[in-house]
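Beneath this line is the structure, given in structure tokens, with notes to follow.
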Amino acid sequence: MRRWWTAVALGAVTALALTGCGAPAGVDGNLTDDWPAPAAPQAFVPAADACHAAFQAVGYLSGYNPVDCGASHRVETLHVGTLSGPEAERGTPPKAGSAGMRAAHAECGKAVNEAVGGDWRSGRLGLTVVFPSPPAWTGGARWFRCDVSEIQSLDDTSVDARTGSLRGALRGDSPLAYRCFSPKLEKDQITEMRPASCTSKHRAEFVGVWHAPDISYAEFRRTSKRVHRACRTLIAKYAKVPDDGNLQYRAGTIFYHPFERDWQNGNRGVQCFLWVSDRTLTRSVKGTGNKGLPIT
């Protein structure tokens, strides 16, 4: 009996083969050609509009821990760019002062200005460019982050923890924007620019950012007279008074310039302020003409 059942079973298999009955439709019997190809690995790229509790000088993936921008944080990425050209072909990430760093800083400056609603140097903001780590760079990463923070003051660039995004931070009546100041003097030297209401007594007012030429930092420091002259031109435009030889009798100038490292990285923004030493002001001189800024 067992041999009979075996014969029947073998005969059934043979019949199937002879009658052409095969695999179901769409199946070719080849087990090696129907698997989809694995997806290509995707390199990590940080997100824009992401906030961070702490700074990253280098963009190590292990230190990338975004937090809700509604929670306390110290840094916000407002733009993520991609480095291209000869600097992207180098074997290591751009160093401070390199052409790659300056290119990234320039792109960051434009993107951040658009995001915050004005030149980022016209308010209590700091900008940092962050590149990938050396291993990530070797693996092909060419992104850079444009990180922005709220700083304490003109004289203290330490970072405040904050809540909320910095997008639009310099639009309208922003508390971060530079306006009027009551400078602190010691032996005829200004040691601190203390913010003041423009409707209270003050002697200085922010008038704009002068973009210095692409010269060395040492040369820039040697040409302070040119900086004061450039700031006076901004004063004339701001107050709507003639930009002539009498301007120096209307107001003096105060300026803040980038640190040497920032200068080397491409920051050429000089913050200019008008200054009156013989009287106090109780309102903004913006657009007030001769009445607001008379010759004295």
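Ligands are numbered from 1 in the order shown, residues from 1 within each chain, and chains are lettered A, B, ... in the order they appear in the structure tokens.
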Alpha helix (DSSP H) call set, DSSP backbone run, region 14-174 of chain A, as a list in words: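 Filtering region 14-174 of chain A down to alpha helix (DSSP H) leaves Thr14, Ala15, Leu16, Ala17, Leu18, Ala99, Gly100, Met101, Arg102, Ala103, Ala104, His105, Ala106, Glu107, Cys108, Gly109, Lys110, Ala111, Val112, Asn113, Glu114, Ala115, Val116, Pro134, Pro135, Ala136, Trp137 and Thr138 of chain A.
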Residues within 8 Å of Phe55 (chain A), only C-alpha atoms, excluding chain neighbours under 3 positions, as an MDAnalysis selection string: chainID A and resid 52 74:75
Strand (DSSP E) per DSSP on the backbone: members of region 182-267 of chain A, as a PyMOL selection string: chain A and resi 182-186+189-196+204-211+252-256
Pick from A:Arg261, A:Arg162, A:His211, A:Ala204, whichever lies nearest to Asp119 (chain A) using only C-alpha atoms: A:His211
Nearest to Asp214 (chain A) by atom-to-atom distance, counting only C-alpha atoms, from A:Thr199, A:Gly266, A:Gly59, A:Pro258: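 With only C-alpha atoms as the atom set, the closest residue is A:Gly266.
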Test item: residues at most 12 Å from Ala177 (chain A), only C-alpha atoms, excluding those fewer than 4 positions along its chain, as a list of chain:residue names: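 Neighbouring residues, sequence-local ones excluded: A:Val116, A:Gly117, A:Gly118, A:Asp119, A:Trp120, A:Arg121, A:Ser122, A:Gly123, A:Arg124, A:Leu125, A:Glu150, A:Ile151, A:Ser153, A:Leu154, A:Gly168, A:Ala169, A:Leu170, A:Arg171, A:Gly172, A:Asp173, A:Phe181, A:Pro195, A:Glu205, A:Phe206, A:Val207, A:Gly208.
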Store the residues of this selection in a file with N, CA, C and O atoms, as a compact mmCIF listing (two decimals), in the first residue's frame.
```txt
# COMPACT_ATOMS: atom_id res chain seq x y z
N VAL A 116 15.16 88.01 10.29
CA VAL A 116 14.88 88.82 11.48
C VAL A 116 14.27 90.17 11.14
O VAL A 116 13.77 90.88 12.01
N GLY A 117 14.31 90.56 9.85
CA GLY A 117 13.67 91.81 9.45
C GLY A 117 14.56 93.03 9.51
O GLY A 117 14.07 94.16 9.62
N GLY A 118 15.86 92.86 9.38
CA GLY A 118 16.81 93.97 9.41
C GLY A 118 18.21 93.43 9.56
O GLY A 118 18.41 92.23 9.75
N ASP A 119 19.19 94.33 9.47
CA ASP A 119 20.57 93.90 9.66
C ASP A 119 20.72 93.35 11.08
O ASP A 119 20.41 94.04 12.06
N TRP A 120 21.17 92.12 11.21
CA TRP A 120 21.23 91.48 12.52
C TRP A 120 22.12 92.24 13.50
O TRP A 120 21.94 92.16 14.71
N ARG A 121 23.05 93.07 12.96
CA ARG A 121 23.93 93.84 13.84
C ARG A 121 23.27 95.10 14.37
O ARG A 121 23.85 95.83 15.16
N SER A 122 22.03 95.37 13.96
CA SER A 122 21.31 96.54 14.47
C SER A 122 20.47 96.20 15.70
O SER A 122 19.64 96.99 16.12
N GLY A 123 20.74 95.06 16.28
CA GLY A 123 20.05 94.67 17.51
C GLY A 123 20.89 93.71 18.32
O GLY A 123 22.01 93.34 17.93
N ARG A 124 20.37 93.27 19.42
CA ARG A 124 21.10 92.40 20.35
C ARG A 124 21.09 90.95 19.85
O ARG A 124 20.49 90.07 20.45
N LEU A 125 21.79 90.75 18.76
CA LEU A 125 21.86 89.43 18.15
C LEU A 125 23.30 89.06 17.82
O LEU A 125 24.11 89.93 17.49
N GLU A 150 20.40 85.60 21.14
CA GLU A 150 20.17 86.90 21.77
C GLU A 150 21.31 87.18 22.74
O GLU A 150 21.59 86.37 23.62
N ILE A 151 21.99 88.32 22.57
CA ILE A 151 23.09 88.67 23.46
C ILE A 151 22.65 89.69 24.51
O ILE A 151 21.61 90.33 24.36
N SER A 153 24.13 92.67 25.60
CA SER A 153 24.22 94.10 25.28
C SER A 153 25.38 94.33 24.32
O SER A 153 26.12 93.40 23.96
N LEU A 154 25.56 95.59 23.92
CA LEU A 154 26.71 95.95 23.10
C LEU A 154 28.03 95.62 23.78
O LEU A 154 29.00 95.24 23.12
N GLY A 168 11.65 87.63 12.57
CA GLY A 168 10.96 88.90 12.74
C GLY A 168 11.38 89.67 13.97
O GLY A 168 10.72 90.65 14.36
N ALA A 169 12.51 89.29 14.58
CA ALA A 169 12.91 89.86 15.87
C ALA A 169 13.24 91.34 15.82
O ALA A 169 13.23 92.01 16.85
N LEU A 170 13.56 91.89 14.64
CA LEU A 170 13.92 93.31 14.54
C LEU A 170 12.85 94.13 13.84
O LEU A 170 13.09 95.30 13.51
N ARG A 171 11.69 93.56 13.63
CA ARG A 171 10.60 94.30 13.00
C ARG A 171 9.78 95.06 14.03
O ARG A 171 9.63 94.62 15.17
N GLY A 172 9.28 96.22 13.61
CA GLY A 172 8.40 96.98 14.49
C GLY A 172 9.11 97.49 15.74
O GLY A 172 10.29 97.82 15.72
N ASP A 173 8.38 97.55 16.82
CA ASP A 173 8.89 98.10 18.08
C ASP A 173 9.58 96.99 18.88
O ASP A 173 9.17 96.65 20.00
N PHE A 181 20.67 105.62 23.92
CA PHE A 181 21.59 105.17 24.96
C PHE A 181 22.03 106.34 25.83
O PHE A 181 22.06 107.49 25.39
N PRO A 195 21.40 101.25 27.56
CA PRO A 195 20.16 101.55 26.83
C PRO A 195 19.27 102.51 27.62
O PRO A 195 19.21 102.46 28.86
N GLU A 205 22.40 107.79 20.11
CA GLU A 205 21.35 107.07 19.39
C GLU A 205 21.97 106.27 18.25
O GLU A 205 22.87 106.76 17.55
N PHE A 206 21.51 105.07 18.10
CA PHE A 206 21.97 104.21 17.01
C PHE A 206 21.44 104.74 15.68
O PHE A 206 20.26 105.05 15.54
N VAL A 207 22.34 104.83 14.68
CA VAL A 207 21.92 105.38 13.38
C VAL A 207 22.08 104.40 12.23
O VAL A 207 21.60 104.67 11.12
N GLY A 208 22.74 103.27 12.43
CA GLY A 208 22.85 102.30 11.35
C GLY A 208 24.16 101.54 11.36
O GLY A 208 25.02 101.73 12.22
```
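Shortest separation to His79 (chain A) among A:Gly252, A:Gly63, A:Gly287, A:Pro46 occurs at residue A:Pro46, atoms counted being only C-alpha atoms.
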